[in-house]
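Pasted below: data.json, JSON, C-alpha atoms and all ligand atoms.
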[["chain", "number", "residue", "atom", "x", "y", "z"],
["A", 1, "MET", "CA", 12.09, -44.28, -120.55],
["A", 2, "TYR", "CA", 10.66, -47.02, -118.37],
["A", 3, "GLU", "CA", 11.29, -47.96, -114.80],
["A", 4, "LEU", "CA", 10.28, -50.73, -112.44],
["A", 5, "LYS", "CA", 8.17, -49.76, -109.49],
["A", 6, "ASN", "CA", 6.95, -51.78, -106.55],
["A", 7, "HIS", "CA", 3.25, -51.22, -106.06],
["A", 8, "THR", "CA", 3.47, -52.65, -102.54],
["A", 9, "GLU", "CA", 5.98, -49.95, -101.60],
["A", 10, "ILE", "CA", 3.62, -47.19, -102.72],
["A", 11, "VAL", "CA", 0.70, -48.66, -100.79],
["A", 12, "VAL", "CA", 2.87, -49.21, -97.69],
["A", 13, "GLN", "CA", 3.97, -45.57, -97.82],
["A", 14, "GLN", "CA", 0.36, -44.39, -98.10],
["A", 15, "ALA", "CA", -0.69, -46.67, -95.25],
["A", 16, "LEU", "CA", 2.18, -45.37, -93.11],
["A", 17, "GLN", "CA", 1.26, -41.73, -93.75],
["A", 18, "HIS", "CA", -2.33, -42.54, -92.79],
["A", 19, "TYR", "CA", -1.14, -44.33, -89.66],
["A", 20, "LEU", "CA", 1.08, -41.39, -88.65],
["A", 21, "ARG", "CA", -1.84, -38.97, -88.99],
["A", 22, "THR", "CA", -4.00, -40.99, -86.62],
["A", 23, "ASN", "CA", -1.44, -42.32, -84.13],
["A", 24, "ILE", "CA", 1.21, -40.73, -81.95],
["A", 25, "LEU", "CA", 4.52, -42.58, -82.18],
["A", 26, "THR", "CA", 7.38, -42.33, -79.70],
["A", 27, "CYS", "CA", 9.43, -41.08, -82.63],
["A", 28, "SER", "CA", 8.37, -40.56, -86.23],
["A", 29, "CYS", "CA", 11.58, -39.14, -87.70],
["A", 30, "GLU", "CA", 12.73, -40.06, -91.22],
["A", 31, "ARG", "CA", 14.88, -42.87, -89.89],
["A", 32, "CYS", "CA", 12.03, -44.47, -87.96],
["A", 33, "GLN", "CA", 9.66, -44.10, -90.93],
["A", 34, "ALA", "CA", 12.23, -45.82, -93.16],
["A", 35, "ASP", "CA", 12.62, -48.59, -90.58],
["A", 36, "ILE", "CA", 8.85, -49.12, -90.50],
["A", 37, "MET", "CA", 8.72, -49.24, -94.31],
["A", 38, "ALA", "CA", 11.59, -51.75, -94.46],
["A", 39, "LEU", "CA", 10.06, -54.02, -91.81],
["A", 40, "ALA", "CA", 6.64, -54.01, -93.45],
["A", 41, "LEU", "CA", 8.00, -54.48, -96.98],
["A", 42, "ASN", "CA", 10.14, -57.44, -95.93],
["A", 43, "ARG", "CA", 6.99, -59.23, -94.78],
["A", 44, "LEU", "CA", 4.92, -58.44, -97.88],
["A", 45, "PRO", "CA", 5.17, -59.75, -101.45],
["A", 46, "ALA", "CA", 6.60, -57.24, -103.94],
["A", 47, "ARG", "CA", 4.37, -56.34, -106.89],
["A", 48, "TYR", "CA", 6.49, -54.81, -109.59],
["A", 49, "TYR", "CA", 5.06, -53.04, -112.57],
["A", 50, "VAL", "CA", 6.57, -51.14, -115.47],
["A", 51, "SER", "CA", 5.97, -47.44, -115.43],
["A", 52, "SER", "CA", 6.83, -44.91, -118.06],
["A", 53, "ARG", "CA", 8.49, -41.91, -116.47],
["A", 54, "GLY", "CA", 6.13, -39.38, -114.95],
["A", 55, "GLU", "CA", 3.15, -41.66, -115.25],
["A", 56, "ILE", "CA", 0.71, -41.48, -112.37],
["A", 57, "MET", "CA", -1.11, -44.60, -111.34],
["A", 58, "THR", "CA", -4.82, -44.44, -111.99],
["A", 59, "GLN", "CA", -7.39, -44.81, -109.26],
["A", 60, "TRP", "CA", -8.44, -48.16, -110.69],
["A", 61, "GLU", "CA", -4.91, -49.52, -110.45],
["A", 62, "SER", "CA", -4.43, -48.31, -106.90],
["A", 63, "GLN", "CA", -7.63, -50.08, -105.85],
["A", 64, "ALA", "CA", -6.79, -53.29, -107.70],
["A", 65, "LEU", "CA", -4.39, -54.46, -105.00],
["A", 66, "PRO", "CA", -6.16, -57.29, -103.19],
["A", 67, "ASP", "CA", -4.25, -57.30, -99.92],
["A", 68, "GLN", "CA", -4.66, -53.73, -98.69],
["A", 69, "ALA", "CA", -5.91, -54.89, -95.29],
["A", 70, "ARG", "CA", -2.86, -57.10, -94.89],
["A", 71, "ILE", "CA", -0.56, -54.21, -95.82],
["A", 72, "LEU", "CA", -2.18, -51.95, -93.24],
["A", 73, "SER", "CA", -1.83, -54.58, -90.52],
["A", 74, "GLU", "CA", 1.85, -55.12, -91.38],
["A", 75, "VAL", "CA", 2.45, -51.35, -91.20],
["A", 76, "VAL", "CA", 0.79, -51.20, -87.78],
["A", 77, "ARG", "CA", 2.86, -54.16, -86.61],
["A", 78, "ALA", "CA", 6.10, -52.64, -87.93],
["A", 79, "ALA", "CA", 5.29, -49.26, -86.38],
["A", 80, "GLN", "CA", 4.71, -50.86, -82.99],
["A", 81, "GLN", "CA", 7.99, -52.75, -83.29],
["A", 82, "VAL", "CA", 9.98, -49.61, -84.17],
["A", 83, "THR", "CA", 8.24, -47.68, -81.39],
["A", 84, "THR", "CA", 9.23, -50.34, -78.87],
["A", 85, "THR", "CA", 12.81, -50.72, -80.12],
["A", 86, "PRO", "CA", 13.91, -47.70, -82.20],
["A", 87, "SER", "CA", 17.19, -48.19, -84.07],
["A", 88, "HIS", "CA", 18.59, -44.93, -82.71],
["A", 89, "PRO", "CA", 18.76, -43.51, -79.18],
["A", 90, "LEU", "CA", 15.80, -41.29, -78.37],
["A", 91, "SER", "CA", 16.65, -37.69, -77.53],
["A", 92, "GLN", "CA", 15.20, -36.40, -74.29],
["A", 93, "PRO", "CA", 12.33, -33.93, -74.69],
["B", 1, "ZN", "ZN", 13.27, -41.77, -84.93]]
Reformat the file's structure so that it appears as structure tokens.
Amino acid sequence: MYELKNHTEIVVQQALQHYLRTNILTCSCERCQADIMALALNRLPARYYVSSRGEIMTQWESQALPDQARILSEVVRAAQQVTTTPSHPLSQP
């Protein structure tokens, strides 16, 4: 059983989790996190690879991506955009 995976998506998700640990967002609900992922992924090239089910990417593979810095900067940019204009009304604290 094989499936296609987008390496960029995995790295974007990791970068977003890192960003959320070190920055306070106006809202970081699931919807806003998905919005940030979508915005960042639309600006980045997809890098598909074939994975057999259950396979975990090795450390070497996860470091082989050349544009990690670019991915991080796109995540930051997307997060700032979603923070400024969230796609749902913010509930009052
Ligand atoms: Zn939200």
Taking all atoms listed in the file into account, produce a table as JSON lines in which each residue of chain A with an atom at most 6 Å from an atom of ligand ZN 1 (chain B) appears once, together with its shortest atom pair and the distance in Å to one decimal, ordered by chain and rising number.
{"residue": "A:Cys27", "atom": "CA", "partner": "B:ZN1", "partner_atom": "ZN", "distance": 4.5}
{"residue": "A:Ser28", "atom": "CA", "partner": "B:ZN1", "partner_atom": "ZN", "distance": 5.2}
{"residue": "A:Cys29", "atom": "CA", "partner": "B:ZN1", "partner_atom": "ZN", "distance": 4.2}
{"residue": "A:Arg31", "atom": "CA", "partner": "B:ZN1", "partner_atom": "ZN", "distance": 5.3}
{"residue": "A:Cys32", "atom": "CA", "partner": "B:ZN1", "partner_atom": "ZN", "distance": 4.2}
Kindly provide, as number ranges by chain, the polymer residues lying within 7 Å of (5.7, -53.6, -110.2), counting only C-alpha atoms and using the coordinates exactly as they appear in the file. A: 4-7, 47-50
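Across the model, the gap from CA of Ser51 in chain A to CA of Ala78 in chain A is 28.0 Å.
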Do you know which residues lie at most 12 Å from (-0.6, -55.3, -89.9), with coordinates as in the file and all atoms listed in the file counted, and could you write them as a PyMOL selection string? chain A and resi 12+15-16+19+36-37+39-41+43-44+67-81
Find the distance between CA of Leu25 in chain A and CA of Ile10 in chain A and write it in Å to one decimal. 21.1 Å
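Atom to atom, CA of Glu30 in chain A and CA of Ser52 in chain A stand 27.9 Å apart.
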